[in-house]
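Data file: upload_30.txt. Format and content: compact mmCIF, C-alpha atoms and all ligand atoms.
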# COMPACT_ATOMS: atom_id res chain seq x y z
CA MET A 1 -21.28 -13.25 25.77
CA ASP A 2 -24.51 -11.29 25.41
CA ALA A 3 -27.60 -12.87 23.86
CA PHE A 4 -28.09 -12.10 20.15
CA LYS A 5 -30.42 -12.90 17.27
CA PHE A 6 -28.92 -15.29 14.70
CA SER A 7 -29.91 -15.76 11.06
CA LYS A 8 -28.47 -16.94 7.76
CA ALA A 9 -28.40 -14.68 4.72
CA THR A 10 -29.77 -16.39 1.62
CA THR A 11 -29.02 -13.53 -0.78
CA LEU A 12 -26.52 -10.68 -0.90
CA ASP A 13 -29.39 -8.14 -0.91
CA ARG A 14 -30.76 -9.62 2.32
CA ALA A 15 -27.34 -9.38 3.94
CA VAL A 16 -27.04 -5.73 2.89
CA GLN A 17 -30.55 -4.89 4.13
CA ALA A 18 -29.95 -6.60 7.46
CA ALA A 19 -26.56 -4.99 8.01
CA ALA A 20 -28.01 -1.57 7.10
CA LYS A 21 -30.13 -1.70 10.30
CA SER A 22 -26.96 -1.03 12.29
CA SER A 23 -26.27 2.60 13.22
CA THR A 24 -22.56 2.05 12.47
CA ALA A 25 -20.31 -0.40 10.67
CA GLN A 26 -17.53 0.42 13.11
CA GLN A 27 -16.93 -0.39 16.80
CA GLY A 28 -20.28 -0.76 18.55
CA ALA A 29 -22.13 -2.11 15.49
CA GLU A 30 -25.50 -3.60 16.45
CA VAL A 31 -25.46 -5.97 13.47
CA ARG A 32 -22.45 -8.06 12.45
CA LEU A 33 -21.84 -10.46 9.58
CA LEU A 34 -20.33 -13.84 10.39
CA ALA A 35 -17.70 -15.24 8.02
CA GLY A 36 -15.06 -17.58 9.54
CA GLY A 37 -15.89 -16.24 13.02
CA THR A 38 -12.27 -16.42 14.20
CA THR A 39 -12.21 -12.76 15.19
CA LEU A 40 -15.86 -11.93 15.76
CA ILE A 41 -16.71 -14.79 18.12
CA ASP A 42 -13.57 -14.20 20.23
CA LEU A 43 -14.49 -10.53 20.63
CA MET A 44 -18.13 -11.35 21.44
CA LYS A 45 -16.98 -13.74 24.19
CA LEU A 46 -14.88 -10.91 25.61
CA THR A 47 -17.88 -8.52 25.26
CA VAL A 48 -15.70 -6.19 23.19
CA GLU A 49 -18.22 -6.77 20.37
CA ARG A 50 -21.86 -6.83 21.50
CA PRO A 51 -24.05 -7.11 18.37
CA ARG A 52 -27.78 -7.59 18.85
CA GLU A 53 -27.88 -9.53 15.59
CA VAL A 54 -25.42 -11.83 13.82
CA ILE A 55 -25.98 -12.82 10.20
CA ASP A 56 -24.15 -15.84 8.83
CA ILE A 57 -23.09 -15.06 5.24
CA ASN A 58 -21.38 -18.40 4.56
CA GLY A 59 -24.22 -19.49 2.25
CA LEU A 60 -23.55 -16.65 -0.21
CA PRO A 61 -21.61 -17.43 -3.41
CA LEU A 62 -18.60 -15.26 -2.52
CA GLY A 63 -15.81 -17.85 -2.45
CA ARG A 64 -14.47 -17.76 -6.02
CA ILE A 65 -10.85 -17.16 -6.99
CA GLU A 66 -10.78 -16.33 -10.71
CA ALA A 67 -8.75 -14.54 -13.36
CA THR A 68 -10.08 -11.17 -14.50
CA PRO A 69 -10.28 -10.24 -18.22
CA SER A 70 -7.41 -7.76 -17.70
CA GLY A 71 -5.04 -10.46 -16.44
CA GLY A 72 -5.56 -9.81 -12.74
CA LEU A 73 -7.27 -11.91 -10.09
CA VAL A 74 -10.55 -11.62 -8.19
CA ILE A 75 -10.64 -13.20 -4.75
CA GLY A 76 -14.09 -13.69 -3.22
CA ALA A 77 -14.79 -12.26 0.22
CA LEU A 78 -15.48 -15.76 1.56
CA ALA A 79 -12.43 -17.44 0.00
CA ARG A 80 -10.63 -19.14 2.90
CA ASN A 81 -7.12 -17.95 3.69
CA SER A 82 -5.72 -21.47 3.11
CA ASP A 83 -7.44 -21.79 -0.30
CA VAL A 84 -6.04 -18.43 -1.39
CA ALA A 85 -2.53 -19.25 -0.11
CA HIS A 86 -2.43 -22.57 -1.99
CA HIS A 87 -4.10 -21.39 -5.20
CA PRO A 88 -1.70 -22.01 -8.13
CA THR A 89 -2.20 -18.53 -9.64
CA VAL A 90 -1.57 -16.86 -6.29
CA GLN A 91 1.57 -18.94 -5.74
CA ARG A 92 2.85 -18.16 -9.25
CA ASP A 93 1.88 -14.49 -9.75
CA TYR A 94 1.29 -13.13 -6.25
CA ALA A 95 3.78 -15.07 -4.12
CA VAL A 96 3.84 -12.26 -1.53
CA LEU A 97 0.17 -12.93 -0.74
CA SER A 98 0.63 -16.68 -0.41
CA GLN A 99 3.66 -16.20 1.85
CA ALA A 100 1.89 -13.58 3.99
CA LEU A 101 -1.16 -15.79 4.52
CA LEU A 102 0.93 -18.85 5.36
CA SER A 103 2.90 -16.84 7.93
CA GLY A 104 -0.29 -16.04 9.84
CA ALA A 105 -2.17 -17.85 12.61
CA SER A 106 -2.31 -21.69 12.32
CA PRO A 107 -3.50 -24.14 9.62
CA GLN A 108 -6.79 -24.65 11.47
CA LEU A 109 -7.45 -20.90 11.69
CA ARG A 110 -6.48 -20.35 8.06
CA ASN A 111 -8.99 -23.04 7.02
CA MET A 112 -11.77 -20.96 8.63
CA ALA A 113 -10.56 -17.38 8.14
CA THR A 114 -11.80 -15.53 5.06
CA THR A 115 -10.44 -12.77 2.86
CA ALA A 116 -12.95 -10.16 4.07
CA GLY A 117 -12.77 -11.27 7.72
CA ASN A 118 -9.00 -10.90 7.56
CA LEU A 119 -9.36 -7.39 6.07
CA LEU A 120 -11.53 -6.48 9.06
CA GLN A 121 -9.67 -8.24 11.86
CA ARG A 122 -9.18 -6.03 14.91
CA THR A 123 -6.07 -4.95 16.75
CA ARG A 124 -4.44 -7.27 19.28
CA CYS A 125 -3.80 -4.37 21.70
CA VAL A 126 -4.35 -6.06 25.08
CA TYR A 127 -6.34 -3.12 26.45
CA PHE A 128 -8.75 -3.15 23.51
CA ARG A 129 -9.50 -6.80 24.29
CA ASP A 130 -9.95 -6.27 28.05
CA THR A 131 -13.04 -4.29 29.04
CA ALA A 132 -11.57 -3.55 32.49
CA HIS A 133 -9.25 -0.98 30.87
CA ALA A 134 -9.79 2.40 29.23
CA CYS A 135 -9.59 2.29 25.44
CA ASN A 136 -10.60 5.01 22.99
CA LYS A 137 -11.01 2.49 20.20
CA ARG A 138 -13.49 0.37 22.18
CA GLU A 139 -15.17 3.23 24.04
CA PRO A 140 -14.52 6.66 22.50
CA GLY A 141 -13.35 9.31 24.93
CA THR A 142 -12.27 6.97 27.75
CA GLY A 143 -8.52 7.31 27.17
CA CYS A 144 -5.72 5.07 25.95
CA SER A 145 -4.21 2.62 28.45
CA ALA A 146 -1.46 1.58 26.04
CA ILE A 147 0.24 4.97 25.92
CA GLY A 148 2.44 4.64 28.99
CA GLY A 149 1.28 1.03 29.46
CA HIS A 150 2.21 -2.23 27.71
CA ASN A 151 2.90 -1.15 24.14
CA ARG A 152 5.78 -3.34 22.97
CA MET A 153 3.70 -4.86 20.12
CA LEU A 154 2.04 -1.60 19.09
CA ALA A 155 2.51 0.87 16.25
CA ILE A 156 5.25 3.40 15.52
CA LEU A 157 3.80 4.81 12.26
CA GLY A 158 0.48 6.62 11.87
CA THR A 159 -0.15 6.85 15.61
CA SER A 160 -2.06 9.63 17.37
CA LYS A 161 -2.32 10.89 20.93
CA ASP A 162 -5.54 8.86 21.20
CA CYS A 163 -4.46 5.46 19.85
CA ILE A 164 -1.28 3.59 18.91
CA ALA A 165 -2.84 0.24 18.02
CA THR A 166 -1.31 -1.83 15.23
CA ASN A 167 -3.23 -3.37 12.36
CA PRO A 168 -2.13 -6.98 12.98
CA SER A 169 -2.85 -8.57 9.60
CA ASP A 170 -0.28 -10.18 7.31
CA GLN A 171 -2.66 -10.53 4.35
CA ASN A 172 -3.40 -6.81 4.32
CA VAL A 173 0.28 -5.88 4.04
CA ALA A 174 0.60 -8.07 0.94
CA PHE A 175 -2.62 -6.60 -0.48
CA THR A 176 -1.17 -3.11 0.04
CA ALA A 177 2.03 -3.89 -1.89
CA LEU A 178 -0.10 -5.50 -4.61
CA GLU A 179 -2.36 -2.40 -4.82
CA ALA A 180 -5.52 -4.42 -4.24
CA THR A 181 -8.99 -2.95 -4.65
CA ILE A 182 -11.88 -3.85 -2.36
CA GLN A 183 -15.30 -4.41 -3.91
CA ILE A 184 -18.23 -3.43 -1.73
CA GLN A 185 -21.98 -3.91 -2.09
CA GLY A 186 -23.82 -1.31 -0.02
CA ALA A 187 -27.32 -0.01 0.50
CA LYS A 188 -26.66 2.58 -2.25
CA GLY A 189 -25.10 0.15 -4.75
CA GLN A 190 -21.64 -1.17 -5.58
CA ARG A 191 -18.34 0.63 -5.20
CA SER A 192 -14.62 -0.11 -5.42
CA VAL A 193 -12.14 1.24 -2.89
CA PRO A 194 -8.36 0.99 -3.36
CA ILE A 195 -6.83 -0.53 -0.24
CA HIS A 196 -4.79 2.62 0.33
CA ASP A 197 -8.08 4.51 0.91
CA PHE A 198 -9.88 1.74 2.80
CA TYR A 199 -8.22 2.07 6.22
CA LEU A 200 -8.44 5.26 8.29
CA LEU A 201 -5.69 6.64 10.49
CA PRO A 202 -6.75 6.70 14.17
CA GLY A 203 -6.52 10.49 14.67
CA SER A 204 -9.09 11.49 17.29
CA THR A 205 -11.55 8.78 16.15
CA PRO A 206 -9.75 5.44 16.55
CA HIS A 207 -13.09 3.59 16.78
CA ARG A 208 -13.49 4.31 13.05
CA GLU A 209 -11.10 1.95 11.27
CA THR A 210 -12.35 1.79 7.69
CA VAL A 211 -14.56 3.66 5.25
CA LEU A 212 -17.31 1.03 5.59
CA GLU A 213 -20.85 2.27 6.27
CA PRO A 214 -23.86 0.39 7.69
CA GLY A 215 -25.09 -2.14 5.13
CA ASP A 216 -21.74 -2.49 3.38
CA VAL A 217 -20.80 -6.07 2.53
CA ILE A 218 -17.36 -6.76 1.07
CA THR A 219 -17.89 -9.02 -1.93
CA SER A 220 -14.34 -9.48 -3.27
CA VAL A 221 -10.82 -8.15 -3.57
CA THR A 222 -9.28 -7.62 -7.00
CA LEU A 223 -5.59 -7.65 -7.80
CA PRO A 224 -4.18 -5.98 -10.93
CA ALA A 225 -2.17 -8.07 -13.38
CA PRO A 226 1.33 -8.61 -11.99
CA ALA A 227 3.88 -6.08 -13.28
CA ALA A 228 5.79 -7.83 -16.09
CA GLY A 229 9.05 -9.34 -14.86
CA SER A 230 8.39 -8.48 -11.20
CA ARG A 231 9.04 -10.68 -8.16
CA SER A 232 7.38 -10.43 -4.79
CA LEU A 233 8.24 -11.48 -1.27
CA TYR A 234 6.92 -11.31 2.33
CA LEU A 235 9.24 -11.31 5.32
CA LYS A 236 7.84 -11.44 8.85
CA LEU A 237 9.82 -11.00 12.07
CA ARG A 238 8.18 -12.15 15.31
CA ASP A 239 8.90 -13.43 18.80
CA ARG A 240 8.53 -17.10 17.80
CA ALA A 241 8.66 -18.90 14.47
CA ALA A 242 4.94 -19.75 14.18
CA TYR A 243 1.50 -18.81 15.50
CA GLU A 244 2.55 -15.27 16.33
CA PHE A 245 1.76 -11.77 15.07
CA ALA A 246 4.45 -9.64 13.41
CA LEU A 247 6.74 -7.31 15.31
CA ALA A 248 7.72 -6.03 11.88
CA SER A 249 7.05 -7.34 8.41
CA VAL A 250 7.65 -6.28 4.83
CA ALA A 251 5.83 -7.01 1.58
CA ILE A 252 7.63 -6.05 -1.60
CA VAL A 253 6.98 -6.26 -5.31
CA ILE A 254 10.09 -5.44 -7.27
CA LYS A 255 11.50 -5.55 -10.79
CA VAL A 256 15.24 -5.29 -11.31
CA SER A 257 16.89 -5.07 -14.70
CA SER A 258 20.65 -4.68 -15.34
CA GLY A 259 21.17 -3.93 -11.66
CA LYS A 260 18.63 -1.09 -11.60
CA ILE A 261 15.28 -1.14 -9.86
CA GLN A 262 12.60 -0.52 -12.49
CA TYR A 263 9.58 -0.96 -10.24
CA ALA A 264 9.11 -1.14 -6.47
CA ARG A 265 6.13 -1.40 -4.17
CA VAL A 266 6.80 -1.53 -0.44
CA ALA A 267 4.41 -2.13 2.45
CA LEU A 268 5.22 -2.56 6.13
CA GLY A 269 3.33 -4.62 8.73
CA GLY A 270 3.47 -4.85 12.52
CA VAL A 271 4.52 -1.20 12.77
CA GLY A 272 1.61 0.84 11.40
CA THR A 273 -1.86 1.73 12.62
CA ARG A 274 -2.94 0.53 9.19
CA PRO A 275 -1.15 -1.68 6.64
CA TRP A 276 1.62 0.77 5.78
CA ARG A 277 2.44 1.62 2.18
CA SER A 278 5.85 3.27 2.13
CA ILE A 279 5.85 5.64 -0.83
CA GLU A 280 9.00 7.20 0.71
CA ALA A 281 10.93 3.92 0.47
CA GLU A 282 9.60 3.30 -3.05
CA ARG A 283 10.84 6.73 -4.22
CA VAL A 284 14.35 5.98 -2.99
CA LEU A 285 14.37 2.60 -4.76
CA GLN A 286 12.68 3.25 -8.08
CA GLY A 287 15.16 4.02 -10.90
CA HIS A 288 18.19 3.48 -8.66
CA ASP A 289 20.81 0.76 -8.19
CA ALA A 290 19.71 -2.41 -6.44
CA ASP A 291 22.50 -2.32 -3.89
CA ALA A 292 22.98 -2.40 -0.13
CA ALA A 293 23.51 1.37 0.18
CA ASN A 294 20.23 2.19 -1.53
CA PHE A 295 18.36 -0.49 0.43
CA ARG A 296 19.50 1.14 3.67
CA LYS A 297 18.54 4.60 2.34
CA ALA A 298 15.08 3.25 1.52
CA ALA A 299 14.76 1.85 5.04
CA GLU A 300 15.77 5.19 6.58
CA ALA A 301 13.22 6.99 4.40
CA GLY A 302 10.47 4.48 5.23
CA LEU A 303 10.91 4.88 8.99
CA LYS A 304 11.78 8.59 9.17
CA ASP A 305 8.36 9.51 10.58
CA ALA A 306 8.34 6.77 13.24
CA HIS A 307 7.11 7.79 16.71
CA PRO A 308 7.88 4.97 19.13
CA ALA A 309 6.15 4.62 22.50
CA SER A 310 7.82 3.70 25.81
CA GLU A 311 8.45 0.01 25.01
CA ASN A 312 8.70 -0.27 21.24
CA ALA A 313 11.62 1.93 20.08
CA PHE A 314 13.38 -1.30 19.05
CA LYS A 315 10.84 -1.63 16.23
CA VAL A 316 12.34 1.31 14.35
CA GLU A 317 15.65 -0.45 13.70
CA LEU A 318 13.94 -3.85 13.41
CA ALA A 319 11.66 -2.60 10.63
CA LYS A 320 14.61 -1.02 8.81
CA ARG A 321 16.56 -4.29 8.95
CA CYS A 322 13.48 -6.22 7.88
CA LEU A 323 13.17 -4.05 4.76
CA VAL A 324 16.88 -4.27 3.90
CA ARG A 325 16.79 -8.04 4.37
CA ALA A 326 13.64 -8.45 2.26
CA LEU A 327 15.14 -6.37 -0.57
CA THR A 328 18.39 -8.34 -0.43
CA MET A 329 16.49 -11.65 -0.53
CA SER A 330 14.32 -10.47 -3.42
CA ILE A 331 17.25 -9.60 -5.72
CA LYS A 332 18.94 -12.90 -4.91
CA THR A 333 15.87 -14.74 -6.21
CA ALA A 334 15.44 -12.36 -9.18
C1 LIG B 1 -4.98 -17.29 17.79
C2 LIG B 1 -5.01 -16.44 16.58
C3 LIG B 1 -3.81 -16.15 15.92
C4 LIG B 1 -3.85 -15.34 14.76
N1 LIG B 1 -2.66 -15.04 14.14
C5 LIG B 1 -2.69 -14.22 13.02
C6 LIG B 1 -1.49 -13.86 12.36
O1 LIG B 1 -0.38 -14.26 12.73
N2 LIG B 1 -1.59 -13.04 11.28
C7 LIG B 1 -2.79 -12.59 10.83
O2 LIG B 1 -2.83 -11.85 9.84
N3 LIG B 1 -3.94 -12.91 11.44
C8 LIG B 1 -3.91 -13.71 12.52
N4 LIG B 1 -5.07 -14.02 13.16
C9 LIG B 1 -6.30 -13.37 12.75
C10 LIG B 1 -7.06 -14.13 11.68
O3 LIG B 1 -6.38 -13.99 10.45
C11 LIG B 1 -8.45 -13.49 11.61
O4 LIG B 1 -9.13 -13.88 12.80
C12 LIG B 1 -9.24 -13.94 10.42
O5 LIG B 1 -8.59 -13.59 9.22
C13 LIG B 1 -10.62 -13.29 10.43
O6 LIG B 1 -11.38 -13.84 9.38
P1 LIG B 1 -12.82 -14.48 9.68
O7 LIG B 1 -13.37 -14.87 8.36
O8 LIG B 1 -12.75 -15.55 10.71
O9 LIG B 1 -13.56 -13.20 10.23
P2 LIG B 1 -14.86 -13.06 11.16
O10 LIG B 1 -14.45 -13.26 12.57
O11 LIG B 1 -15.98 -13.89 10.65
O12 LIG B 1 -15.22 -11.53 10.87
C14 LIG B 1 -14.35 -10.49 11.25
C15 LIG B 1 -15.08 -9.17 11.01
O13 LIG B 1 -15.30 -8.98 9.62
C16 LIG B 1 -16.67 -8.77 9.34
N5 LIG B 1 -16.93 -9.40 8.04
C17 LIG B 1 -16.62 -10.65 7.65
N6 LIG B 1 -16.91 -10.81 6.35
C18 LIG B 1 -17.42 -9.64 5.91
C19 LIG B 1 -17.87 -9.19 4.64
N7 LIG B 1 -17.89 -9.97 3.56
N8 LIG B 1 -18.30 -7.90 4.54
C20 LIG B 1 -18.30 -7.07 5.61
N9 LIG B 1 -17.89 -7.46 6.84
C21 LIG B 1 -17.44 -8.73 6.98
C22 LIG B 1 -17.40 -9.43 10.50
O14 LIG B 1 -18.69 -8.89 10.69
C23 LIG B 1 -16.46 -9.12 11.65
O15 LIG B 1 -16.70 -7.82 12.12
C24 LIG B 1 -5.09 -14.84 14.27
C25 LIG B 1 -6.28 -15.18 14.93
C26 LIG B 1 -6.26 -15.96 16.06
C27 LIG B 1 -7.56 -16.28 16.74
S1 LIG B 2 -3.72 1.81 21.64
FE1 LIG B 2 -5.79 2.08 20.79
S2 LIG B 2 -6.67 0.05 21.07
FE2 LIG B 2 -4.95 0.16 22.50
S3 LIG B 2 -5.74 1.00 24.46
FE3 LIG B 2 -5.05 2.73 23.24
S4 LIG B 2 -6.94 3.39 22.21
FE4 LIG B 2 -7.28 1.29 22.85
Would you write the structure of this file as structure tokens?
Amino acid sequence: MDAFKFSKATTLDRAVQAAAKSSTAQQGAEVRLLAGGTTLIDLMKLTVERPREVIDINGLPLGRIEATPSGGLVIGALARNSDVAHHPTVQRDYAVLSQALLSGASPQLRNMATTAGNLLQRTRCVYFRDTAHACNKREPGTGCSAIGGHNRMLAILGTSKDCIATNPSDQNVAFTALEATIQIQGAKGQRSVPIHDFYLLPGSTPHRETVLEPGDVITSVTLPAPAAGSRSLYLKLRDRAAYEFALASVAIVIKVSSGKIQYARVALGGVGTRPWRSIEAERVLQGHDADAANFRKAAEAGLKDAHPASENAFKVELAKRCLVRALTMSIKTA
């Protein structure tokens, strides 16, 4: 690990000012904020992240989980993943989020990990985490070792010729199905970004992962009021039952009435370069019968643009089955 300057932010403004000294908020940032540290410190030890300055933001009052006046929920950037997962409102109204969080990492990690840190966790692509290998995401223009290398865990949707890394988060897949909005305090003031616009596709600039700019501090995530009569569910498929990232996962929010699907939101995890909202699958479902034939049609539509690499073609069928299974489970509980 390289030497770095360490300080604690006492106010949000100070955190913003300090973070604004960085030339980028993306890979290569000179200033990084410290929340739970479960991603940042790992990457600093590997010298994948080499900030000159680390600012601990744990003293800021950003841990609240509260109802909004419009019947939704605001989750503070520093709310711990375990506190969110076990919050009674989350368990009752946003079950998909609780299930997604509890499927991730371990209890110890979830006690440290925060909402914002989870939003910004980095890919688990082995070449990104090993500085001995070429990686366009870590060092732009050096090449991608995963294309033609070990890519079994990597993405099949949203890939480019420069990067096929997966966004590994479970939380972010649930947030995508719930149509969460991210609240940001930046050097130029506050702004709100819907999660669908927050993550960038890799294209030719995989080192740019989000719309964040230097000085941006995530302050909270807001969830809209749950759609009346809807149910939600998270299903994660992985190599072992615990402490493992998704090979494929599905978050759904669905409302079924008299056998017809009135409302459907579908997001896929473990297969996309960003948490993957499947508008195509939603179109097939919404207004149609909640039956096995339509579930399979939705799965075909959701994966029609998949581009597998040399080792991960199995994910195409796996993700389809994951979606069909999640939909089947959700109507059984409805
Ligand atoms: C062994 C292991 C297994 C794991 N398994 C899973 C899994 O199965 N599923 C899963 O989803 N995740 C998994 N994770 C990842 C884990 O969820 C993340 O490490 C965690 O959520 C990151 O949160 P943090 O608060 O510790 O982030 P930090 O490490 O503190 O920060 C991460 C990044 O976010 C930035 N940041 C933090 N807060 C803010 C803010 N408010 N504004 C702007 N920038 C901010 C930091 O500067 C840093 O760049 C695993 C991690 C480990 C180590
Ligand atoms: S897939 Fe992306 S993160 Fe992995 S080696 Fe290629 S460029 Fe790097």
Counting all atoms listed in the file, which residue out of A:Arg50, A:Arg32, A:Lys260, A:Arg274 sits closest to Ala290 in chain A?
A:Lys260
Give me the residues within 10 Å of Glu300 in chain A as an MDAnalysis selection string, counting only C-alpha atoms and dropping any in the same chain fewer than 2 places off.
chainID A and resid 280:281 284 294:298 302:305 316:317 319:321 323:324
Taking all atoms listed in the file into account, list the residues no farther than 6 Å from ligand LIG 1 (chain B), as a VMD selection string.
chain A and resid 32 to 40 77 104 to 105 112 to 114 116 to 118 120 to 121 168 to 171 217 to 219 243 to 245
Near Ser22 in chain A, within 9 Å and counting all atoms listed in the file, which residues show up once chain neighbours fewer than 4 positions away are dropped, as a PyMOL selection string?
chain A and resi 18+29-32+214-215
Kindly compile the residues surrounding ligand LIG 2 (chain B) within 6 Å, counting all atoms listed in the file, and format them as a list in words.
Cys125, Tyr127, Phe128, Cys135, Asn136, Lys137, Cys144, Ser145, Ala146, Asp162, Cys163, Ile164 and Ala165 of chain A
With C-alpha atoms kept, could you save the residues just selected as a short mmCIF file (atom, residue, chain, number, x, y, z; two decimals), keeping the file's coordinate frame?
data_model
loop_
_atom_site.label_atom_id
_atom_site.label_comp_id
_atom_site.auth_asym_id
_atom_site.auth_seq_id
_atom_site.Cartn_x
_atom_site.Cartn_y
_atom_site.Cartn_z
CA CYS A 125 -3.80 -4.37 21.70
CA TYR A 127 -6.34 -3.12 26.45
CA PHE A 128 -8.75 -3.15 23.51
CA CYS A 135 -9.59 2.29 25.44
CA ASN A 136 -10.60 5.01 22.99
CA LYS A 137 -11.01 2.49 20.20
CA CYS A 144 -5.72 5.07 25.95
CA SER A 145 -4.21 2.62 28.45
CA ALA A 146 -1.46 1.58 26.04
CA ASP A 162 -5.54 8.86 21.20
CA CYS A 163 -4.46 5.46 19.85
CA ILE A 164 -1.28 3.59 18.91
CA ALA A 165 -2.84 0.24 18.02
#
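For the pair CA of Lys255 in chain A and CA of Ala242 in chain A, the separation is 29.5 Å.
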Please measure the separation of CA of Lys45 in chain A and CA of Glu139 in chain A, giving the value in Å to one decimal.
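These two atoms are separated by 17.1 Å.
Between CA of Tyr199 in chain A and CA of Pro275 in chain A lies a distance of 8.0 Å.
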Once you count all atoms listed in the file, which residues end up no further than 12 Å from (12.5, -1.3, 16.7) in the file's frame, shown as a ChimeraX atom specification?
/A:152-157,237-238,247-249,270-271,303,306-322
Dump as JSON lines the rows for residues of range 93-125 of chain A within 9 Å of range 173-187 of chain A: closest atom pair and distance in Å with one decimal, all atoms listed in the file counted, ordered by chain and rising residue number.
{"residue": "A:Tyr94", "atom": "CA", "partner": "A:Leu178", "partner_atom": "CA", "distance": 7.9}
{"residue": "A:Val96", "atom": "CA", "partner": "A:Ala174", "partner_atom": "CA", "distance": 5.8}
{"residue": "A:Leu97", "atom": "CA", "partner": "A:Ala174", "partner_atom": "CA", "distance": 5.2}
{"residue": "A:Ser98", "atom": "CA", "partner": "A:Ala174", "partner_atom": "CA", "distance": 8.7}
{"residue": "A:Gln99", "atom": "CA", "partner": "A:Ala174", "partner_atom": "CA", "distance": 8.7}
{"residue": "A:Ala100", "atom": "CA", "partner": "A:Ala174", "partner_atom": "CA", "distance": 6.4}
{"residue": "A:Leu101", "atom": "CA", "partner": "A:Ala174", "partner_atom": "CA", "distance": 8.7}
Can you work out which one of A:Glu53, A:Ile261, A:Ala246, A:Thr68 has the shortest atom-to-atom distance to Phe6 in chain A, counting all atoms listed in the file?
A:Glu53
Taking (-5.9, 9.9, 9.5) as a centre in this file's frame and 10 Å as the limit, can you find every polymer residue with an atom that close, using all atoms listed in the file, and give them as a list in words?
Gly158, Thr159, Ser160, Tyr199, Leu200, Leu201, Pro202, Gly203, Ser204, Thr205, Pro206, Glu209, Thr273 and Arg274 of chain A
Option closest in space to Thr10 in chain A, from A:Val256, A:Val126, A:Leu285, A:Ile55 [counting only C-alpha atoms]:
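With only C-alpha atoms as the atom set, the closest residue is A:Ile55.
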Report the centre and edge lengths, in Å to one decimal, of an axis-aligned box enclosing every atom of range 143-150 of chain A listed in the file, padded by 8 Å on each side, as JSON.
{"center_x": -3.0, "center_y": 2.5, "center_z": 27.7, "size_x": 27.0, "size_y": 25.5, "size_z": 19.5}
Of the candidates A:Arg110, A:Arg129, A:Arg64, A:His86, which shows the shortest atom-to-atom distance to Glu49 in chain A, using all atoms listed in the file?
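Checking each candidate against Glu49 in chain A, we get A:Arg129 as the closest.
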Which of these, A:Lys21, A:His196, A:Arg191, A:Arg138, has the shortest distance to Val54 in chain A once you count all atoms listed in the file?
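Checking each of A:Lys21, A:His196, A:Arg191, A:Arg138 against Val54 in chain A, counting all atoms listed in the file, the winner is A:Lys21.
Shortest atom-to-atom contact with Thr115 in chain A among A:Lys5, A:Arg80, A:Arg208, A:His87: A:Arg80, counting all atoms listed in the file.
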Where atoms are lacking, range 94-105 of chain A completed to N, CA and C atoms, as a tab-separated table (two decimals), keeping the file's coordinate frame:
chain	number	residue	atom	x	y	z
A	94	TYR	N	1.42	-14.02	-7.42
A	94	TYR	CA	1.29	-13.13	-6.25
A	94	TYR	C	1.89	-13.84	-5.02
A	95	ALA	N	3.14	-14.28	-5.17
A	95	ALA	CA	3.78	-15.07	-4.12
A	95	ALA	C	3.73	-14.37	-2.77
A	96	VAL	N	3.85	-13.03	-2.79
A	96	VAL	CA	3.84	-12.26	-1.53
A	96	VAL	C	2.56	-12.51	-0.74
A	97	LEU	N	1.45	-12.69	-1.43
A	97	LEU	CA	0.17	-12.93	-0.74
A	97	LEU	C	0.14	-14.33	-0.14
A	98	SER	N	0.59	-15.31	-0.92
A	98	SER	CA	0.63	-16.68	-0.41
A	98	SER	C	1.53	-16.76	0.83
A	99	GLN	N	2.71	-16.15	0.73
A	99	GLN	CA	3.66	-16.20	1.85
A	99	GLN	C	3.10	-15.48	3.08
A	100	ALA	N	2.45	-14.33	2.86
A	100	ALA	CA	1.89	-13.58	3.99
A	100	ALA	C	0.81	-14.40	4.69
A	101	LEU	N	-0.08	-15.01	3.90
A	101	LEU	CA	-1.16	-15.79	4.52
A	101	LEU	C	-0.60	-16.99	5.29
A	102	LEU	N	0.39	-17.66	4.70
A	102	LEU	CA	0.93	-18.85	5.36
A	102	LEU	C	1.75	-18.52	6.60
A	103	SER	N	2.14	-17.25	6.73
A	103	SER	CA	2.90	-16.84	7.93
A	103	SER	C	1.96	-16.52	9.09
A	104	GLY	N	0.66	-16.48	8.82
A	104	GLY	CA	-0.29	-16.04	9.84
A	104	GLY	C	-0.99	-17.18	10.55
A	105	ALA	N	-1.30	-16.97	11.82
A	105	ALA	CA	-2.17	-17.85	12.61
A	105	ALA	C	-1.69	-19.31	12.54
